[in-house]
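Below is the file work_25.txt, which contains compact mmCIF, C-alpha atoms.
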# COMPACT_ATOMS: atom_id res chain seq x y z
CA MET A 8 0.00 0.00 0.00
CA ASN A 9 1.32 3.42 -0.96
CA THR A 10 1.67 5.83 1.94
CA SER A 11 2.82 8.60 -0.34
CA HIS A 12 1.65 9.36 -3.80
CA HIS A 13 1.18 12.33 -6.07
CA VAL A 14 -0.77 13.07 -9.28
CA SER A 15 -1.28 16.28 -11.24
CA ALA A 16 -3.06 17.59 -14.31
CA ASN A 17 -3.90 20.85 -16.01
CA PHE A 18 -6.98 21.76 -18.00
CA PRO A 19 -8.83 24.82 -19.32
CA ALA A 20 -11.18 26.81 -17.10
CA GLU A 21 -14.36 25.43 -18.66
CA PRO A 22 -17.42 23.85 -16.96
CA ASN A 23 -16.03 20.34 -17.56
CA ALA A 24 -12.95 21.25 -15.49
CA ILE A 25 -14.75 19.70 -12.52
CA THR A 26 -15.12 16.44 -14.44
CA HIS A 27 -11.36 16.48 -15.10
CA ALA A 28 -10.73 17.09 -11.39
CA ASN A 29 -13.00 14.15 -10.46
CA GLU A 30 -11.16 11.88 -12.90
CA LEU A 31 -7.85 12.93 -11.39
CA LEU A 32 -9.18 12.11 -7.93
CA GLU A 33 -10.38 8.69 -9.09
CA HIS A 34 -6.95 8.00 -10.58
CA PHE A 35 -5.32 9.15 -7.33
CA ALA A 36 -7.69 7.03 -5.18
CA ARG A 37 -6.99 3.90 -7.28
CA ASN A 38 -3.28 4.08 -6.45
CA ILE A 39 -3.58 4.51 -2.73
CA CYS A 40 -5.85 2.96 -0.16
CA LEU A 41 -8.46 5.74 0.12
CA ASN A 42 -11.79 4.86 1.76
CA ASP A 43 -15.23 5.80 0.47
CA LYS A 44 -15.84 8.53 2.99
CA ALA A 45 -12.54 10.24 2.17
CA ILE A 46 -13.24 10.03 -1.55
CA LYS A 47 -16.72 11.55 -1.17
CA GLU A 48 -15.39 14.39 0.98
CA LEU A 49 -12.65 15.15 -1.52
CA LEU A 50 -15.14 15.05 -4.41
CA ILE A 51 -17.23 17.64 -2.57
CA VAL A 52 -14.17 19.82 -1.86
CA LEU A 53 -13.07 19.73 -5.51
CA ASP A 54 -16.61 20.43 -6.74
CA GLU A 55 -16.91 23.44 -4.45
CA LEU A 56 -13.40 24.79 -5.05
CA LEU A 57 -13.58 24.62 -8.82
CA SER A 58 -17.23 25.74 -9.08
CA ASN A 59 -16.36 28.78 -7.01
CA ALA A 60 -13.21 29.59 -8.99
CA LEU A 61 -14.90 29.10 -12.37
CA LYS A 62 -17.89 31.25 -11.46
CA TYR A 63 -16.31 34.11 -9.52
CA GLY A 64 -12.57 34.12 -10.24
CA LEU A 65 -12.14 32.83 -13.76
CA LYS A 66 -15.59 33.82 -15.04
CA GLN A 67 -15.56 30.62 -17.12
CA ASP A 68 -12.81 31.98 -19.36
CA SER A 69 -11.67 28.93 -21.30
CA GLN A 70 -8.43 30.73 -22.21
CA LYS A 71 -7.36 30.38 -18.60
CA GLN A 72 -5.71 27.23 -17.28
CA ILE A 73 -6.20 25.36 -14.04
CA GLU A 74 -3.48 23.19 -12.52
CA LEU A 75 -4.39 20.63 -9.91
CA GLU A 76 -2.14 18.42 -7.85
CA LEU A 77 -3.25 15.78 -5.34
CA SER A 78 -0.78 14.19 -2.97
CA LEU A 79 -0.81 11.84 -0.04
CA ASP A 80 1.97 11.84 2.50
CA ASP A 81 1.57 9.83 5.67
CA LYS A 82 -2.25 10.07 5.89
CA VAL A 83 -2.33 13.77 4.94
CA VAL A 84 -4.02 14.50 1.62
CA LYS A 85 -2.95 17.78 0.07
CA ILE A 86 -4.81 19.55 -2.76
CA LYS A 87 -2.81 22.20 -4.61
CA TYR A 88 -4.86 24.30 -6.98
CA SER A 89 -3.61 27.13 -9.17
CA ASP A 90 -4.90 29.18 -12.07
CA ASP A 91 -3.75 32.10 -14.19
CA GLY A 92 -6.95 34.11 -13.76
CA PRO A 93 -7.35 37.54 -12.18
CA GLU A 94 -6.44 37.85 -8.52
CA PHE A 95 -9.12 36.05 -6.51
CA ASN A 96 -8.95 34.76 -2.97
CA PRO A 97 -12.10 32.72 -2.31
CA PHE A 98 -11.45 32.80 1.45
CA ASN A 99 -11.84 36.58 1.46
CA THR A 100 -15.37 36.54 0.07
CA ASP A 101 -18.58 36.86 2.03
CA THR A 102 -20.07 33.59 3.17
CA ALA A 103 -23.55 32.84 4.46
CA ASP A 104 -24.39 33.80 8.04
CA LEU A 105 -25.03 30.40 9.58
CA SER A 106 -26.48 31.81 12.79
CA LEU A 107 -29.65 33.15 11.17
CA PRO A 108 -33.00 31.42 11.59
CA LEU A 109 -34.54 29.65 8.61
CA GLU A 110 -36.64 32.62 7.48
CA GLN A 111 -33.58 34.86 7.23
CA ARG A 112 -31.00 32.42 5.87
CA GLN A 113 -29.75 33.51 2.44
CA ILE A 114 -29.81 31.08 -0.47
CA GLY A 115 -26.22 30.33 -1.53
CA GLY A 116 -22.84 31.28 -0.08
CA LEU A 117 -22.08 27.84 1.32
CA GLY A 118 -19.43 26.57 -1.11
CA ILE A 119 -16.36 27.94 0.65
CA THR A 120 -17.92 27.15 4.04
CA LEU A 121 -17.94 23.49 2.99
CA VAL A 122 -14.36 23.66 1.67
CA ILE A 123 -13.23 25.04 5.04
CA GLY A 124 -15.39 22.59 7.01
CA LEU A 125 -14.11 19.53 5.15
CA THR A 126 -10.40 20.41 5.30
CA ASP A 127 -7.93 21.01 8.11
CA SER A 128 -6.05 23.92 6.57
CA GLN A 129 -6.49 26.35 3.70
CA THR A 130 -3.97 28.83 2.30
CA TYR A 131 -4.05 31.31 -0.54
CA LYS A 132 -1.29 33.25 -2.22
CA ARG A 133 -0.86 35.27 -5.38
CA GLU A 134 2.48 34.79 -7.11
CA LYS A 135 3.72 35.48 -10.65
CA ASN A 136 0.20 36.35 -11.81
CA ARG A 137 -1.24 33.08 -10.55
CA ASN A 138 -3.64 32.22 -7.75
CA PHE A 139 -2.46 29.36 -5.53
CA ILE A 140 -4.69 27.53 -3.07
CA THR A 141 -3.49 24.69 -0.87
CA LEU A 142 -5.84 22.54 1.18
CA THR A 143 -4.92 19.72 3.53
CA ARG A 144 -6.87 17.03 5.30
CA LYS A 145 -5.47 14.46 7.67
CA TYR A 146 -7.30 11.17 7.90
CA ASP A 147 -7.02 8.99 11.01
CA SER A 148 -7.43 6.04 8.75
CA ILE A 149 -7.17 6.13 5.00
CA CYS A 150 -8.34 2.57 4.29
CA MET B 79 -28.99 11.30 -9.48
CA ASN B 80 -32.44 9.74 -9.37
CA ILE B 81 -35.52 11.34 -7.83
CA SER B 82 -38.88 9.67 -7.22
CA THR B 83 -41.89 11.12 -5.43
CA ASP B 84 -44.76 9.45 -3.59
CA TYR B 85 -47.76 11.32 -2.27
CA LEU B 86 -49.19 10.44 1.14
CA ASN B 87 -52.21 12.70 1.84
CA ASP B 88 -50.69 16.09 2.72
CA THR B 89 -47.07 14.89 2.49
CA ALA B 90 -44.74 14.42 -0.45
CA LEU B 91 -42.06 11.76 0.06
CA VAL B 92 -39.14 12.51 -2.24
CA ARG B 93 -36.43 9.85 -2.53
CA VAL B 94 -33.06 11.07 -3.83
CA THR B 95 -30.34 8.63 -4.77
CA GLY B 96 -26.91 9.03 -6.35
CA ARG B 97 -25.16 12.38 -6.04
CA VAL B 98 -26.37 15.98 -6.14
CA ASP B 99 -23.55 18.25 -7.35
CA HIS B 100 -22.89 21.15 -9.70
CA SER B 101 -23.85 19.03 -12.74
CA ASN B 102 -27.41 18.19 -11.67
CA ALA B 103 -28.36 20.46 -8.77
CA ARG B 104 -30.58 22.48 -11.09
CA ASP B 105 -32.61 19.33 -11.86
CA PHE B 106 -33.01 18.78 -8.13
CA GLU B 107 -34.21 22.36 -7.67
CA THR B 108 -36.61 22.02 -10.58
CA GLU B 109 -38.17 18.90 -9.05
CA LEU B 110 -38.73 20.74 -5.77
CA GLU B 111 -40.12 23.77 -7.61
CA ASN B 112 -42.54 21.54 -9.53
CA LEU B 113 -43.70 20.07 -6.23
CA GLN B 114 -44.27 23.58 -4.99
CA HIS B 115 -46.46 24.48 -7.97
CA ASN B 116 -48.32 21.19 -8.27
CA PHE B 117 -48.66 20.05 -4.67
CA PHE B 118 -47.71 22.54 -1.98
CA ASN B 119 -49.67 25.39 -3.56
CA GLU B 120 -52.71 23.06 -3.57
CA SER B 121 -53.23 20.58 -0.74
CA GLY B 122 -49.69 19.65 0.24
CA LYS B 123 -48.12 20.80 3.48
CA HIS B 124 -45.13 18.66 4.28
CA LEU B 125 -42.03 17.48 2.48
CA LEU B 126 -40.07 14.45 3.53
CA VAL B 127 -36.75 14.08 1.70
CA ASP B 128 -35.36 10.56 1.93
CA PHE B 129 -31.58 10.59 1.52
CA THR B 130 -31.12 6.86 2.13
CA GLY B 131 -29.46 6.29 -1.26
CA LEU B 132 -27.70 9.66 -1.53
CA GLU B 133 -23.89 9.43 -1.74
CA PHE B 134 -23.23 13.11 -1.21
CA ILE B 135 -24.63 16.58 -1.83
CA THR B 136 -22.77 19.83 -2.54
CA SER B 137 -23.72 23.43 -1.80
CA ALA B 138 -25.46 23.61 -5.18
CA GLY B 139 -27.92 20.98 -3.91
CA LEU B 140 -28.31 22.68 -0.55
CA ARG B 141 -29.77 25.73 -2.32
CA GLY B 142 -32.80 23.73 -3.43
CA LEU B 143 -33.29 22.25 0.03
CA LEU B 144 -33.11 25.61 1.74
CA PHE B 145 -35.50 27.26 -0.69
CA ALA B 146 -38.03 24.44 -0.21
CA ALA B 147 -37.74 24.61 3.58
CA LYS B 148 -38.20 28.39 3.65
CA THR B 149 -41.18 28.28 1.32
CA LEU B 150 -42.90 25.51 3.26
CA LYS B 151 -42.35 27.21 6.58
CA ALA B 152 -43.90 30.40 5.21
CA GLN B 153 -46.96 28.31 4.30
CA SER B 154 -47.07 26.74 7.79
CA GLY B 155 -45.77 23.45 6.45
CA SER B 156 -42.55 21.61 7.22
CA MET B 157 -39.63 19.72 5.72
CA VAL B 158 -37.78 16.76 7.21
CA ILE B 159 -34.62 15.04 5.99
CA VAL B 160 -34.44 11.30 6.49
CA ASN B 161 -31.47 8.94 6.87
CA PRO B 162 -28.50 10.87 5.46
CA ASN B 163 -25.21 8.95 5.40
CA SER B 164 -22.31 10.25 7.47
CA THR B 165 -20.89 12.39 4.64
CA VAL B 166 -24.24 14.02 3.86
CA LEU B 167 -24.87 14.53 7.57
CA GLU B 168 -21.47 16.19 7.91
CA VAL B 169 -22.34 18.59 5.07
CA LEU B 170 -25.70 19.38 6.70
CA LYS B 171 -23.97 20.05 10.03
CA ILE B 172 -21.22 22.24 8.56
CA SER B 173 -23.95 24.32 6.88
CA ARG B 174 -25.91 24.35 10.18
CA PHE B 175 -28.90 22.92 8.28
CA ASP B 176 -29.36 20.53 11.20
CA LEU B 177 -30.57 23.58 13.16
CA LEU B 178 -33.05 24.63 10.48
CA PHE B 179 -35.13 21.49 10.03
CA PRO B 180 -35.33 18.01 11.58
CA ILE B 181 -33.08 15.19 10.43
CA MET B 182 -34.49 11.77 11.30
CA GLU B 183 -33.39 8.19 10.95
CA ASN B 184 -36.30 6.65 9.13
CA ILE B 185 -39.42 7.45 7.15
CA GLU B 186 -41.87 6.07 9.73
CA GLU B 187 -40.44 8.20 12.53
CA ALA B 188 -40.54 11.28 10.31
CA LEU B 189 -44.09 10.72 9.13
CA LYS B 190 -45.35 10.12 12.68
CA GLU B 191 -43.77 13.44 13.65
CA ILE B 192 -45.12 15.63 10.84
CA SER B 193 -48.37 14.05 9.65
CA PRO B 194 -50.29 11.26 11.39
CA THR B 195 -52.58 10.85 8.36
CA ALA B 196 -49.60 10.45 6.02
CA TYR B 197 -48.13 7.95 8.48
CA GLU B 198 -51.34 5.88 8.48
CA THR B 199 -51.44 5.90 4.68
CA HIS B 200 -47.80 4.84 4.49
CA ILE B 201 -48.31 1.97 6.97
CA SER B 202 -51.36 0.64 5.14
CA GLN B 203 -49.47 0.82 1.83
CA GLN B 204 -46.58 -1.13 3.34
CA GLN B 205 -49.00 -3.78 4.64
CA GLN B 206 -50.42 -4.26 1.17
CA ILE B 207 -47.01 -4.97 -0.30
What do you get writing this file as structure tokens?
Amino acid sequence: MNTSHHVSANFPAEPNAITHANELLEHFARNICLNDKAIKELLIVLDELLSNALKYGLKQDSQKQIELELSLDDKVVKIKYSDDGPEFNPFNTDTADLSLPLEQRQIGGLGITLVIGLTDSQTYKREKNRNFITLTRKYDSIC
Amino acid sequence: MNISTDYLNDTALVRVTGRVDHSNARDFETELENLQHNFFNESGKHLLVDFTGLEFITSAGLRGLLFAAKTLKAQSGSMVIVNPNSTVLEVLKISRFDLLFPIMENIEEALKEISPTAYETHISQQQQI
């Protein structure tokens, strides 16, 4: 069983970018012992991260490129995302107020909340005209 | 994703299986909107969403759930989620949806809670099977 592994891919910032990300995750999961729960959580994280970036950061500009790297090192899964779109830090945007009662809860604004809730750490930096986001999640048991 | 709906008196029982994500969340919303027009604006009051076969749901799917819950509450109705798996439950808890509407373990428990007549109809249907 691999305890460290790494895969990466790049693809245009189009709606099917999320499909490419899912395929990369499936390829990654096949090579390491990754349990169902972990896979589902990571699928959600990738869906949210890329949906958010495509909609708000990249504005679905297919001329822009996304790079995605998934790695496992001693039970810590790391997701490294980068794109060459305009400066956009998704962790600086407004998220839904979760304390409001049902009648006042706004529709939407939960994507980044789920990314943060399903990962242990999240970082953003802007470097050489690229946005870089790194997410980590440690699993007590991968298998 | 697969959605099927049964009607039990004043309650719609919607079963969702598969995954609800960016690719099909709009279909999920449309199904709930259709229920609103065809059932909840007429005689329907309660919505029971059975997540027994649901692998996971993303924030795109949560939009439809929240809109349905808000609309039903405004009409003095209610929505209950039934039997989410641990991943779906985690998503509901992170979003604090577990504070907005009940999440129950099975259909019978949920029906007893929200509509005794729907519960009776469900039980007699089960006995006929």
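The residue that comes closest to B:Ile159, out of B:Asp128, B:Glu187, B:Glu133, B:Asp105 and on the basis of only C-alpha atoms, is B:Asp128.
If you measure from each of A:Ser89, A:Asn23, A:Thr126, A:Asn17 to A:Tyr146 using all atoms listed in the file, the closest one turns out to be A:Thr126.
The shell of residues at most 7 Å from A:Gln72, with all atoms listed in the file counted and near chain neighbours (fewer than 6 positions) removed, consists of Asn17, Phe18, Pro19, Ala20, Asp90 and Asp91 of chain A.
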Within 9 Å of chain B, which residues of chain A are there when counting all atoms listed in the file? Please give them as a PDB file with C-alpha atoms, keeping the file's coordinate frame.
ATOM      1  CA  ILE A  25     -14.750  19.700 -12.520  1.00  0.00           C
ATOM      2  CA  LYS A  44     -15.840   8.530   2.990  1.00  0.00           C
ATOM      3  CA  ALA A  45     -12.540  10.240   2.170  1.00  0.00           C
ATOM      4  CA  LYS A  47     -16.720  11.550  -1.170  1.00  0.00           C
ATOM      5  CA  GLU A  48     -15.390  14.390   0.980  1.00  0.00           C
ATOM      6  CA  LEU A  50     -15.140  15.050  -4.410  1.00  0.00           C
ATOM      7  CA  ILE A  51     -17.230  17.640  -2.570  1.00  0.00           C
ATOM      8  CA  VAL A  52     -14.170  19.820  -1.860  1.00  0.00           C
ATOM      9  CA  ASP A  54     -16.610  20.430  -6.740  1.00  0.00           C
ATOM     10  CA  GLU A  55     -16.910  23.440  -4.450  1.00  0.00           C
ATOM     11  CA  SER A  58     -17.230  25.740  -9.080  1.00  0.00           C
ATOM     12  CA  ALA A 103     -23.550  32.840   4.460  1.00  0.00           C
ATOM     13  CA  LEU A 105     -25.030  30.400   9.580  1.00  0.00           C
ATOM     14  CA  SER A 106     -26.480  31.810  12.790  1.00  0.00           C
ATOM     15  CA  PRO A 108     -33.000  31.420  11.590  1.00  0.00           C
ATOM     16  CA  LEU A 109     -34.540  29.650   8.610  1.00  0.00           C
ATOM     17  CA  GLU A 110     -36.640  32.620   7.480  1.00  0.00           C
ATOM     18  CA  GLN A 111     -33.580  34.860   7.230  1.00  0.00           C
ATOM     19  CA  ARG A 112     -31.000  32.420   5.870  1.00  0.00           C
ATOM     20  CA  GLN A 113     -29.750  33.510   2.440  1.00  0.00           C
ATOM     21  CA  ILE A 114     -29.810  31.080  -0.470  1.00  0.00           C
ATOM     22  CA  GLY A 115     -26.220  30.330  -1.530  1.00  0.00           C
ATOM     23  CA  GLY A 116     -22.840  31.280  -0.080  1.00  0.00           C
ATOM     24  CA  LEU A 117     -22.080  27.840   1.320  1.00  0.00           C
ATOM     25  CA  GLY A 118     -19.430  26.570  -1.110  1.00  0.00           C
ATOM     26  CA  ILE A 119     -16.360  27.940   0.650  1.00  0.00           C
ATOM     27  CA  THR A 120     -17.920  27.150   4.040  1.00  0.00           C
ATOM     28  CA  LEU A 121     -17.940  23.490   2.990  1.00  0.00           C
ATOM     29  CA  GLY A 124     -15.390  22.590   7.010  1.00  0.00           C
ATOM     30  CA  LEU A 125     -14.110  19.530   5.150  1.00  0.00           C
TER      31      LEU A 125
END
Nearby residues (all atoms listed in the file) at most 12 Å from B:Asn80, same-chain spacing under 5 positions excluded, as JSON, numbers by chain: {"B": [92, 93, 94, 95, 96, 97, 98, 102, 103, 105, 106, 109, 128, 129, 130, 131, 132, 133]}
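In this model, the gap between atom CA of B:Asn112 and atom CA of B:Ala146 comes to 10.8 Å.
Within 8 Å of the file-frame point (-3.9, 34.1, -1.9), and using all atoms listed in the file, the polymer residues found are Phe95, Asn96, Thr130, Tyr131, Lys132, Arg133, Asn138, Phe139 and Ile140 of chain A.
In this structure, atom CA of B:Gln206 sits 29.2 Å away from atom CA of B:Gln114.
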